[in-house]
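Chemist: Sending over a structure as structure tokens; questions will come in a sec.
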Amino acid sequence: MQERLSTGIEVLDRRFDGGIPAGSIVSFSADPASQSELLLYELTAARGTLYLTTMRSDQAVRDALDRTRSRVGTPTVRDIGGDAPLDAANRLVGALPERANLIVDVVDPLERTDRSRYRRFLTELQTAMVNTGSVAFLHAMKGRDEPVNRGMTEHVADVVWDLDTEIRGTDVVNKLAVPKFRGGRALDETVKLKLEEQVAIDTSRDIA
């Protein structure tokens with residue numbers, strides 16, 4: 001069996017038979033107005049992490065990590081939100097150490113680049129993840145203005161996480177679907193999560 005790397009989030013590791021296969025790319029889609037960043041922050045607790053931010057400044061990400069009450073690591077944070085985000089991402093991915101996490105938050109600006117250049121980026125990312133035994137998490141925003149290359153991201157990705165956030169009366173309901181999992185078992189039902197101060201399984205029952 002291919003080596004599994006812990007996500008750092010115990011409730012997810014149990015569902016994924018110990019974690020994500022080393023060398024994988026994970027596409028993680030979520031609504032912009034959600035607590036999806038909490039999952040990203042907790043991923044940094046598992047191992048050394050390179051955190052590439054495209055919309056917030058690197059200082060804003062560090063401040064958010066300092067404020068969170070979840071268990072987090074000490075990632076290397078780099079802002080690649082300039083005029084050539086794809087070039088910056090390629091340069092930094094090329095220096096990724098062994099058995100690391102790579103987080104791209106968010107991947108949307110990269111997906112809006114030329115199709116052939118973005119395909120080449122994904123191909124080189126796949127090679128880097130396999131060669132270093134690392135895992136990449138590409139955080140993507142769902143919505144009406146999804147980039148044209150979003151389908152390419154999800155096709156190339158080995159694992160797809162889709163977080164659905166819904167407001168029901170006074171409750172905010174978060175459900176994580178995993179419809180795709182190469183080298184593992186995709187989940188046949190969603191996982192209801194509590195995204196408050198840390199990631200936890202929501203054991204409350206839905207009432208139709």
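Naming works like this for the structure tokens: A, B, ... for the chains as they're shown, residue 1 at the start of each chain, ligands 1 onward in shown order.
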DSSP on the backbone: what in chain A comes out helix (DSSP H, G or I), as a ChimeraX atom specification?

Modeler: /A:10-15,36-43,58-67,85-93,108-111,115-132,150-156

Chemist: Using only C-alpha atoms, which residues sit within 8 Å of A:Pro32 once same-chain residues fewer than 2 positions away are excluded, as a list in words?

Modeler: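 Skipping anything fewer than 2 positions along the chain leaves Ala30, Ser34, Met141 and Lys142 of chain A.
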
Chemist: For A:Ser27, which of A:Ala46, A:Val106, A:Val172, A:Leu5 is the closest residue, counting only C-alpha atoms?

Modeler: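 Counting only C-alpha atoms, the residue closest to A:Ser27 is A:Val106.
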
Chemist: Under the rule that only C-alpha atoms are counted, which of A:Gln2, A:Arg117, A:Phe28, A:Gly81 is the nearest residue to A:Ala177?

Modeler: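 Between A:Gln2, A:Arg117, A:Phe28, A:Gly81, the residue approaching A:Ala177 most closely is A:Phe28.
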
Chemist: Do you know which residues are at most 7 Å from A:Thr165 counting only C-alpha atoms, after dropping those on the same chain fewer than 2 positions away, and could you put them as a PyMOL selection string?

Modeler: chain A and resi 31+34+163+167+172-175

Chemist: Quick one: distance from atom CA of A:Arg4 to atom CA of A:Gly19 in Å, one decimal?

Modeler: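 Atom CA of A:Arg4 sits 5.1 Å away from atom CA of A:Gly19.
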
Chemist: Could you pull the residues within 10 Å of A:Gly94, counting only C-alpha atoms, minus those fewer than 3 positions along the same chain, as a list in words?

Modeler: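 Near A:Gly94, the qualifying residues are Ala89, Asn90, Arg91, Pro97, Glu124, Leu125, Thr127, Ala128 and Met129 of chain A.
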
Chemist: Just write the chosen residues, all heavy atoms, as a PDB file, in the first residue's frame.

Modeler:
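Below you can see out38.pdb, which holds the result:
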ATOM      1  N   ALA A  89       4.911  30.622  -8.209  1.00  0.00           N
ATOM      2  CA  ALA A  89       4.563  29.308  -7.673  1.00  0.00           C
ATOM      3  C   ALA A  89       5.530  28.243  -8.172  1.00  0.00           C
ATOM      4  O   ALA A  89       6.016  27.402  -7.408  1.00  0.00           O
ATOM      5  CB  ALA A  89       3.133  28.950  -8.056  1.00  0.00           C
ATOM      6  N   ASN A  90       5.839  28.269  -9.469  1.00  0.00           N
ATOM      7  CA  ASN A  90       6.774  27.287 -10.036  1.00  0.00           C
ATOM      8  C   ASN A  90       8.134  27.350  -9.355  1.00  0.00           C
ATOM      9  O   ASN A  90       8.738  26.321  -9.041  1.00  0.00           O
ATOM     10  CB  ASN A  90       6.949  27.551 -11.541  1.00  0.00           C
ATOM     11  CG  ASN A  90       5.898  26.845 -12.388  1.00  0.00           C
ATOM     12  OD1 ASN A  90       5.539  25.714 -12.108  1.00  0.00           O
ATOM     13  ND2 ASN A  90       5.418  27.520 -13.408  1.00  0.00           N
ATOM     14  N   ARG A  91       8.616  28.553  -9.120  1.00  0.00           N
ATOM     15  CA  ARG A  91       9.933  28.729  -8.517  1.00  0.00           C
ATOM     16  C   ARG A  91       9.973  28.165  -7.095  1.00  0.00           C
ATOM     17  O   ARG A  91      10.923  27.476  -6.704  1.00  0.00           O
ATOM     18  CB  ARG A  91      10.290  30.217  -8.506  1.00  0.00           C
ATOM     19  CG  ARG A  91      11.687  30.531  -7.997  1.00  0.00           C
ATOM     20  CD  ARG A  91      12.042  31.983  -8.235  1.00  0.00           C
ATOM     21  NE  ARG A  91      11.119  32.904  -7.562  1.00  0.00           N
ATOM     22  CZ  ARG A  91      10.180  33.624  -8.163  1.00  0.00           C
ATOM     23  NH1 ARG A  91      10.005  33.530  -9.479  1.00  0.00           N
ATOM     24  NH2 ARG A  91       9.409  34.440  -7.486  1.00  0.00           N
ATOM     25  N   PRO A  97      11.048  20.855   0.082  1.00  0.00           N
ATOM     26  CA  PRO A  97      11.830  19.762   0.676  1.00  0.00           C
ATOM     27  C   PRO A  97      11.057  18.440   0.663  1.00  0.00           C
ATOM     28  O   PRO A  97       9.892  18.381   0.259  1.00  0.00           O
ATOM     29  CB  PRO A  97      12.064  20.246   2.109  1.00  0.00           C
ATOM     30  CG  PRO A  97      10.890  21.121   2.402  1.00  0.00           C
ATOM     31  CD  PRO A  97      10.552  21.799   1.097  1.00  0.00           C
ATOM     32  N   GLU A 124       4.140  19.689 -13.659  1.00  0.00           N
ATOM     33  CA  GLU A 124       5.370  19.830 -12.871  1.00  0.00           C
ATOM     34  C   GLU A 124       5.079  19.683 -11.377  1.00  0.00           C
ATOM     35  O   GLU A 124       5.908  19.161 -10.622  1.00  0.00           O
ATOM     36  CB  GLU A 124       6.024  21.173 -13.180  1.00  0.00           C
ATOM     37  CG  GLU A 124       6.555  21.249 -14.606  1.00  0.00           C
ATOM     38  CD  GLU A 124       7.109  22.622 -14.964  1.00  0.00           C
ATOM     39  OE1 GLU A 124       7.053  23.530 -14.104  1.00  0.00           O
ATOM     40  OE2 GLU A 124       7.594  22.779 -16.094  1.00  0.00           O
ATOM     41  N   LEU A 125       3.887  20.123 -10.955  1.00  0.00           N
ATOM     42  CA  LEU A 125       3.497  19.955  -9.554  1.00  0.00           C
ATOM     43  C   LEU A 125       3.356  18.481  -9.218  1.00  0.00           C
ATOM     44  O   LEU A 125       3.819  18.022  -8.157  1.00  0.00           O
ATOM     45  CB  LEU A 125       2.185  20.702  -9.295  1.00  0.00           C
ATOM     46  CG  LEU A 125       1.618  20.620  -7.876  1.00  0.00           C
ATOM     47  CD1 LEU A 125       2.575  21.237  -6.870  1.00  0.00           C
ATOM     48  CD2 LEU A 125       0.243  21.300  -7.809  1.00  0.00           C
ATOM     49  N   THR A 127       4.892  15.989 -10.590  1.00  0.00           N
ATOM     50  CA  THR A 127       6.238  15.414 -10.537  1.00  0.00           C
ATOM     51  C   THR A 127       6.928  15.771  -9.223  1.00  0.00           C
ATOM     52  O   THR A 127       7.555  14.919  -8.582  1.00  0.00           O
ATOM     53  CB  THR A 127       7.076  15.920 -11.726  1.00  0.00           C
ATOM     54  OG1 THR A 127       6.451  15.529 -12.953  1.00  0.00           O
ATOM     55  CG2 THR A 127       8.482  15.352 -11.677  1.00  0.00           C
ATOM     56  N   ALA A 128       6.789  17.041  -8.803  1.00  0.00           N
ATOM     57  CA  ALA A 128       7.422  17.478  -7.557  1.00  0.00           C
ATOM     58  C   ALA A 128       6.845  16.749  -6.352  1.00  0.00           C
ATOM     59  O   ALA A 128       7.578  16.364  -5.432  1.00  0.00           O
ATOM     60  CB  ALA A 128       7.248  18.987  -7.395  1.00  0.00           C
ATOM     61  N   MET A 129       5.531  16.525  -6.335  1.00  0.00           N
ATOM     62  CA  MET A 129       4.914  15.835  -5.203  1.00  0.00           C
ATOM     63  C   MET A 129       5.389  14.391  -5.126  1.00  0.00           C
ATOM     64  O   MET A 129       5.713  13.884  -4.041  1.00  0.00           O
ATOM     65  CB  MET A 129       3.377  15.866  -5.326  1.00  0.00           C
ATOM     66  CG  MET A 129       2.745  17.244  -5.183  1.00  0.00           C
ATOM     67  SD  MET A 129       3.175  18.083  -3.627  1.00  0.00           S
ATOM     68  CE  MET A 129       4.397  19.252  -4.226  1.00  0.00           C
TER      69      MET A 129
END

Chemist: Please identify all polymer residues within 7 Å of A:Ala157, counting only C-alpha atoms, omitting same-chain residues fewer than 4 positions from it, and present them as number ranges by chain.

Modeler: A: 25-27, 153

Chemist: Could you check the closest approach to A:Val11 for each of A:Asp79, A:Asp87, A:Glu42, A:Asp188 and tell me which residue wins, using only C-alpha atoms?

Modeler: A:Glu42

Chemist: Which residue gives the smallest distance to A:Gly73 among A:Ala136, A:Leu43, A:Leu102, A:Val61, with only C-alpha atoms counted?

Modeler: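 Looking at the shortest contact to A:Gly73, the residue is A:Leu43.
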
Chemist: With distances taken over only C-alpha atoms, which residue among A:Leu39, A:Ala88, A:Ala100, A:Val148 lies nearest A:Thr113?

Modeler: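 Distance minimum relative to A:Thr113 lands on A:Val148.
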
Chemist: Which is closer to A:Trp161 than all the others in A:Arg67, A:Arg115, A:Arg78, A:His139, using only C-alpha atoms?

Modeler: A:His139

Chemist: I'd like the neighbourhood of A:Glu10 as number ranges by chain, where a residue qualifies if any of its atoms comes within 9 Å (using only C-alpha atoms), though same-chain residues fewer than 4 positions away should be ignored.

Modeler: A: 6, 14-15, 18-19, 199-200
